[in-house]
Structures are given as structure tokens and as C-alpha cells.
$ cat protein-v4.pdb   # PDB, C-alpha atoms, pLDDT in the B column
MODEL        1
ATOM      1  CA  MET D   1      38.297 -22.540-209.925  1.00 91.00           C
ATOM      2  CA  ILE D   2      40.938 -19.882-209.475  1.00 96.00           C
ATOM      3  CA  ILE D   3      44.218 -19.972-211.367  1.00 97.00           C
ATOM      4  CA  ALA D   4      46.927 -17.675-210.028  1.00 98.00           C
ATOM      5  CA  GLU D   5      50.537 -16.907-210.770  1.00 98.00           C
ATOM      6  CA  LEU D   6      52.705 -16.181-207.722  1.00 98.00           C
ATOM      7  CA  ALA D   7      56.263 -14.991-207.272  1.00 98.00           C
ATOM      8  CA  VAL D   8      57.592 -14.296-203.763  1.00 97.00           C
ATOM      9  CA  PHE D   9      61.188 -13.272-203.121  1.00 96.00           C
ATOM     10  CA  PRO D  10      63.201 -10.936-200.912  1.00 95.00           C
ATOM     11  CA  THR D  11      64.669  -7.763-202.358  1.00 93.00           C
ATOM     12  CA  SER D  12      66.873  -7.138-199.338  1.00 90.00           C
ATOM     13  CA  GLU D  13      69.111 -10.203-199.415  1.00 88.00           C
ATOM     14  CA  GLY D  14      71.498  -9.741-202.330  1.00 85.00           C
ATOM     15  CA  SER D  15      71.495 -11.176-205.823  1.00 86.00           C
ATOM     16  CA  SER D  16      71.050 -14.879-204.995  1.00 90.00           C
ATOM     17  CA  VAL D  17      67.675 -15.590-203.398  1.00 94.00           C
ATOM     18  CA  SER D  18      67.139 -19.235-204.363  1.00 94.00           C
ATOM     19  CA  ARG D  19      67.072 -20.486-200.762  1.00 96.00           C
ATOM     20  CA  TYR D  20      64.181 -18.126-200.013  1.00 96.00           C
ATOM     21  CA  VAL D  21      62.327 -19.092-203.176  1.00 97.00           C
ATOM     22  CA  LYS D  22      62.763 -22.819-202.386  1.00 97.00           C
ATOM     23  CA  GLU D  23      61.117 -22.301-198.996  1.00 97.00           C
ATOM     24  CA  ALA D  24      58.274 -20.276-200.506  1.00 98.00           C
ATOM     25  CA  ILE D  25      57.636 -23.036-203.063  1.00 98.00           C
ATOM     26  CA  ALA D  26      57.694 -25.696-200.331  1.00 98.00           C
ATOM     27  CA  ALA D  27      55.165 -23.677-198.334  1.00 98.00           C
ATOM     28  CA  VAL D  28      52.805 -23.478-201.312  1.00 98.00           C
ATOM     29  CA  GLU D  29      53.198 -27.209-201.976  1.00 98.00           C
ATOM     30  CA  ALA D  30      52.439 -27.968-198.313  1.00 98.00           C
ATOM     31  CA  THR D  31      48.984 -26.389-198.711  1.00 98.00           C
ATOM     32  CA  GLY D  32      47.941 -29.332-200.892  1.00 98.00           C
ATOM     33  CA  LEU D  33      46.798 -27.066-203.712  1.00 98.00           C
ATOM     34  CA  LYS D  34      47.895 -28.058-207.200  1.00 97.00           C
ATOM     35  CA  SER D  35      50.892 -25.972-208.242  1.00 97.00           C
ATOM     36  CA  VAL D  36      53.344 -25.900-211.119  1.00 96.00           C
ATOM     37  CA  THR D  37      56.634 -24.076-210.672  1.00 96.00           C
ATOM     38  CA  GLY D  38      58.394 -22.519-213.641  1.00 94.00           C
ATOM     39  CA  GLY D  39      61.560 -20.496-214.012  1.00 93.00           C
ATOM     40  CA  MET D  40      60.033 -17.241-212.762  1.00 95.00           C
ATOM     41  CA  SER D  41      56.849 -18.081-210.860  1.00 97.00           C
ATOM     42  CA  THR D  42      54.519 -20.736-209.519  1.00 98.00           C
ATOM     43  CA  VAL D  43      51.024 -21.255-210.917  1.00 97.00           C
ATOM     44  CA  ILE D  44      48.453 -22.320-208.326  1.00 98.00           C
ATOM     45  CA  GLU D  45      45.000 -23.845-208.754  1.00 97.00           C
ATOM     46  CA  ALA D  46      42.654 -22.985-205.872  1.00 97.00           C
ATOM     47  CA  PRO D  47      38.975 -23.808-205.324  1.00 96.00           C
ATOM     48  CA  ASP D  48      38.319 -20.399-203.761  1.00 96.00           C
ATOM     49  CA  PHE D  49      39.958 -17.057-203.046  1.00 97.00           C
ATOM     50  CA  GLU D  50      40.523 -17.797-199.362  1.00 98.00           C
ATOM     51  CA  SER D  51      42.528 -20.942-200.177  1.00 98.00           C
ATOM     52  CA  LEU D  52      44.658 -18.964-202.598  1.00 98.00           C
ATOM     53  CA  LEU D  53      45.342 -16.262-200.033  1.00 98.00           C
ATOM     54  CA  ARG D  54      46.343 -18.896-197.464  1.00 98.00           C
ATOM     55  CA  ALA D  55      48.930 -20.212-199.940  1.00 98.00           C
ATOM     56  CA  VAL D  56      50.249 -16.689-200.577  1.00 98.00           C
ATOM     57  CA  ALA D  57      50.432 -16.072-196.818  1.00 98.00           C
ATOM     58  CA  ALA D  58      52.293 -19.360-196.310  1.00 98.00           C
ATOM     59  CA  ALA D  59      54.880 -18.422-198.948  1.00 98.00           C
ATOM     60  CA  HIS D  60      55.295 -14.977-197.398  1.00 98.00           C
ATOM     61  CA  ALA D  61      55.714 -16.450-193.918  1.00 98.00           C
ATOM     62  CA  ALA D  62      58.348 -18.908-195.185  1.00 98.00           C
ATOM     63  CA  VAL D  63      60.471 -16.063-196.552  1.00 97.00           C
ATOM     64  CA  LEU D  64      60.000 -14.076-193.326  1.00 97.00           C
ATOM     65  CA  ARG D  65      61.171 -17.063-191.251  1.00 97.00           C
ATOM     66  CA  LEU D  66      64.472 -16.961-193.119  1.00 96.00           C
ATOM     67  CA  GLY D  67      65.007 -13.366-192.026  1.00 95.00           C
ATOM     68  CA  ALA D  68      64.198 -11.357-195.146  1.00 96.00           C
ATOM     69  CA  ARG D  69      63.813  -7.655-194.407  1.00 95.00           C
ATOM     70  CA  ARG D  70      61.964  -6.706-197.587  1.00 96.00           C
ATOM     71  CA  ILE D  71      59.725  -9.052-199.605  1.00 97.00           C
ATOM     72  CA  HIS D  72      58.347  -8.623-203.102  1.00 97.00           C
ATOM     73  CA  ILE D  73      55.116 -10.434-204.024  1.00 98.00           C
ATOM     74  CA  ASP D  74      53.706 -10.626-207.549  1.00 98.00           C
ATOM     75  CA  LEU D  75      50.230 -12.151-207.729  1.00 98.00           C
ATOM     76  CA  ARG D  76      48.066 -12.435-210.837  1.00 98.00           C
ATOM     77  CA  VAL D  77      44.633 -14.013-210.463  1.00 97.00           C
ATOM     78  CA  ASP D  78      42.220 -15.449-213.031  1.00 96.00           C
ATOM     79  CA  HIS D  79      38.922 -16.246-211.308  1.00 95.00           C
ATOM     80  CA  ARG D  80      36.731 -17.624-214.046  1.00 90.00           C
ATOM     81  CA  LEU D  81      33.080 -18.033-213.111  1.00 91.00           C
ATOM     82  CA  ASP D  82      31.487 -18.939-216.449  1.00 93.00           C
ATOM     83  CA  LYS D  83      33.125 -22.370-216.726  1.00 89.00           C
ATOM     84  CA  GLU D  84      35.561 -24.651-214.925  1.00 88.00           C
ATOM     85  CA  ALA D  85      39.174 -23.796-215.714  1.00 89.00           C
ATOM     86  CA  THR D  86      42.319 -25.573-214.583  1.00 91.00           C
ATOM     87  CA  ILE D  87      46.026 -25.212-215.227  1.00 91.00           C
ATOM     88  CA  ASP D  88      45.814 -28.112-217.676  1.00 91.00           C
ATOM     89  CA  SER D  89      42.770 -26.752-219.510  1.00 89.00           C
ATOM     90  CA  LYS D  90      44.502 -23.405-219.997  1.00 89.00           C
ATOM     91  CA  LEU D  91      47.609 -25.140-221.341  1.00 89.00           C
ATOM     92  CA  ARG D  92      45.525 -27.361-223.635  1.00 89.00           C
ATOM     93  CA  ALA D  93      43.832 -24.258-225.021  1.00 88.00           C
ATOM     94  CA  VAL D  94      47.188 -23.015-226.317  1.00 91.00           C
ATOM     95  CA  GLY D  95      48.409 -26.451-227.413  1.00 87.00           C
ATOM     96  CA  LYS D  96      51.008 -26.915-224.681  1.00 78.00           C
ATOM     97  CA  ARG D  97      49.757 -29.879-222.666  1.00 66.00           C
ATOM     98  CA  GLN D  98      47.303 -32.736-222.612  1.00 58.00           C
ATOM     99  CA  ASP D  99      45.814 -34.239-219.455  1.00 52.00           C
ATOM    100  CA  PRO D 100      47.119 -37.783-218.858  1.00 52.00           C
TER
ENDMDL
END

$ encode --input "protein-v4.pdb" --output "C-alpha cells"
Amino acid sequence: MIIAELAVFPTSEGSSVSRYVKEAIAAVEATGLKSVTGGMSTVIEAPDFESLLRAVAAAHAAVLRLGARRIHIDLRVDHRLDKEATIDSKLRAVGKRQDP
């Protein structure tokens, strides 16, 4: 499983970019991948790298559709191969969440 942290936003559209971010989040959610949005980024759980990149591309395309002229993308990826890792298992490991 791949766990990634994604932030996508325009840097060309002034100081308030929430409408762009909302569309990027909606695009990620539409992929069907598990995601959790926080105050500064969205964490995505993907079964493989290609699925993750499709979600990133969808978020990018959503911001482009709104007319952004310059887009910033932050992507951090944790691709753990030695054992199964999920958003919830990572949070449990630091005492922040329990699976239902």
C-alpha cells in the first residue's frame, strides 16, 4: 500500500485559493481512493503508484479547469513494501486513531 500526502494549489490566483483546493479535493475523492483531508494537505491511500499518480493528475486537471496559470504541487510518498500500511495503521502507531 502507498500512503501519500498531496497539496495542490495555484500560486497565480491571489491570496484566497479555497475554490481551487475544493475542486482538487473533489477530484481526488472521485477516484475512489481513501483520502483524509486536513488543514494543509490531503493524505491518500493507494494500492499502487499508478493509482496515486492518477489521483494527482485529477487534482491538477481540476485546478487547470478553473483557469489557474501557475500550479504548485507538493507530493510526499511512503511506499512500504515490508508490511501492509494504511492511514489508520500509521495513526494508531502514534496513538492518534483507532480503527472502528

$ closest_residue --input "protein-v4.pdb" --among "D:Leu66, D:Val43, D:Lys34, D:Glu5" --to "Lys22 in chain D" --atoms "all atoms listed in the file"
D:Leu66

$ resolve_selection --input "protein-v4.pdb" --expression "the PyMOL selection byres ((chain D and resi 84-86) around 12)" --output "JSON list (two decimals) with C-alpha atoms, in the frame of the given file"
[["chain", "number", "residue", "atom", "x", "y", "z"],
["D", 1, "MET", "CA", 38.30, -22.54, -209.92],
["D", 2, "ILE", "CA", 40.94, -19.88, -209.48],
["D", 3, "ILE", "CA", 44.22, -19.97, -211.37],
["D", 4, "ALA", "CA", 46.93, -17.68, -210.03],
["D", 33, "LEU", "CA", 46.80, -27.07, -203.71],
["D", 34, "LYS", "CA", 47.90, -28.06, -207.20],
["D", 35, "SER", "CA", 50.89, -25.97, -208.24],
["D", 36, "VAL", "CA", 53.34, -25.90, -211.12],
["D", 43, "VAL", "CA", 51.02, -21.26, -210.92],
["D", 44, "ILE", "CA", 48.45, -22.32, -208.33],
["D", 45, "GLU", "CA", 45.00, -23.84, -208.75],
["D", 46, "ALA", "CA", 42.65, -22.98, -205.87],
["D", 47, "PRO", "CA", 38.98, -23.81, -205.32],
["D", 78, "ASP", "CA", 42.22, -15.45, -213.03],
["D", 79, "HIS", "CA", 38.92, -16.25, -211.31],
["D", 80, "ARG", "CA", 36.73, -17.62, -214.05],
["D", 81, "LEU", "CA", 33.08, -18.03, -213.11],
["D", 82, "ASP", "CA", 31.49, -18.94, -216.45],
["D", 83, "LYS", "CA", 33.12, -22.37, -216.73],
["D", 87, "ILE", "CA", 46.03, -25.21, -215.23],
["D", 88, "ASP", "CA", 45.81, -28.11, -217.68],
["D", 89, "SER", "CA", 42.77, -26.75, -219.51],
["D", 90, "LYS", "CA", 44.50, -23.40, -220.00],
["D", 91, "LEU", "CA", 47.61, -25.14, -221.34],
["D", 92, "ARG", "CA", 45.52, -27.36, -223.64],
["D", 93, "ALA", "CA", 43.83, -24.26, -225.02],
["D", 97, "ARG", "CA", 49.76, -29.88, -222.67],
["D", 98, "GLN", "CA", 47.30, -32.74, -222.61],
["D", 99, "ASP", "CA", 45.81, -34.24, -219.46]]

$ atom_distance --input "protein-v4.pdb" --atom1 "CA of Ile71 in chain D" --atom2 "CA of Glu29 in chain D"
19.4 Å

$ atom_distance --input "protein-v4.pdb" --atom1 "CA of Ser41 in chain D" --atom2 "CA of Arg65 in chain D"
20.1 Å

$ closest_residue --input "protein-v4.pdb" --among "D:Val21, D:Glu13, D:Val94, D:Ala55" --to "Gly39 in chain D" --atoms "only C-alpha atoms"
D:Val21

$ closest_residue --input "protein-v4.pdb" --among "D:Ala61, D:Val17, D:Val56, D:Ala27" --to "Asp74 in chain D" --atoms "all atoms listed in the file"
D:Val56

$ resolve_selection --input "protein-v4.pdb" --expression "the PyMOL selection byres ((chain D and resi 10) around 9)" --output "VMD selection string"
chain D and resid 8 to 9 11 to 14 17 20 to 21 63 to 64 68 to 73
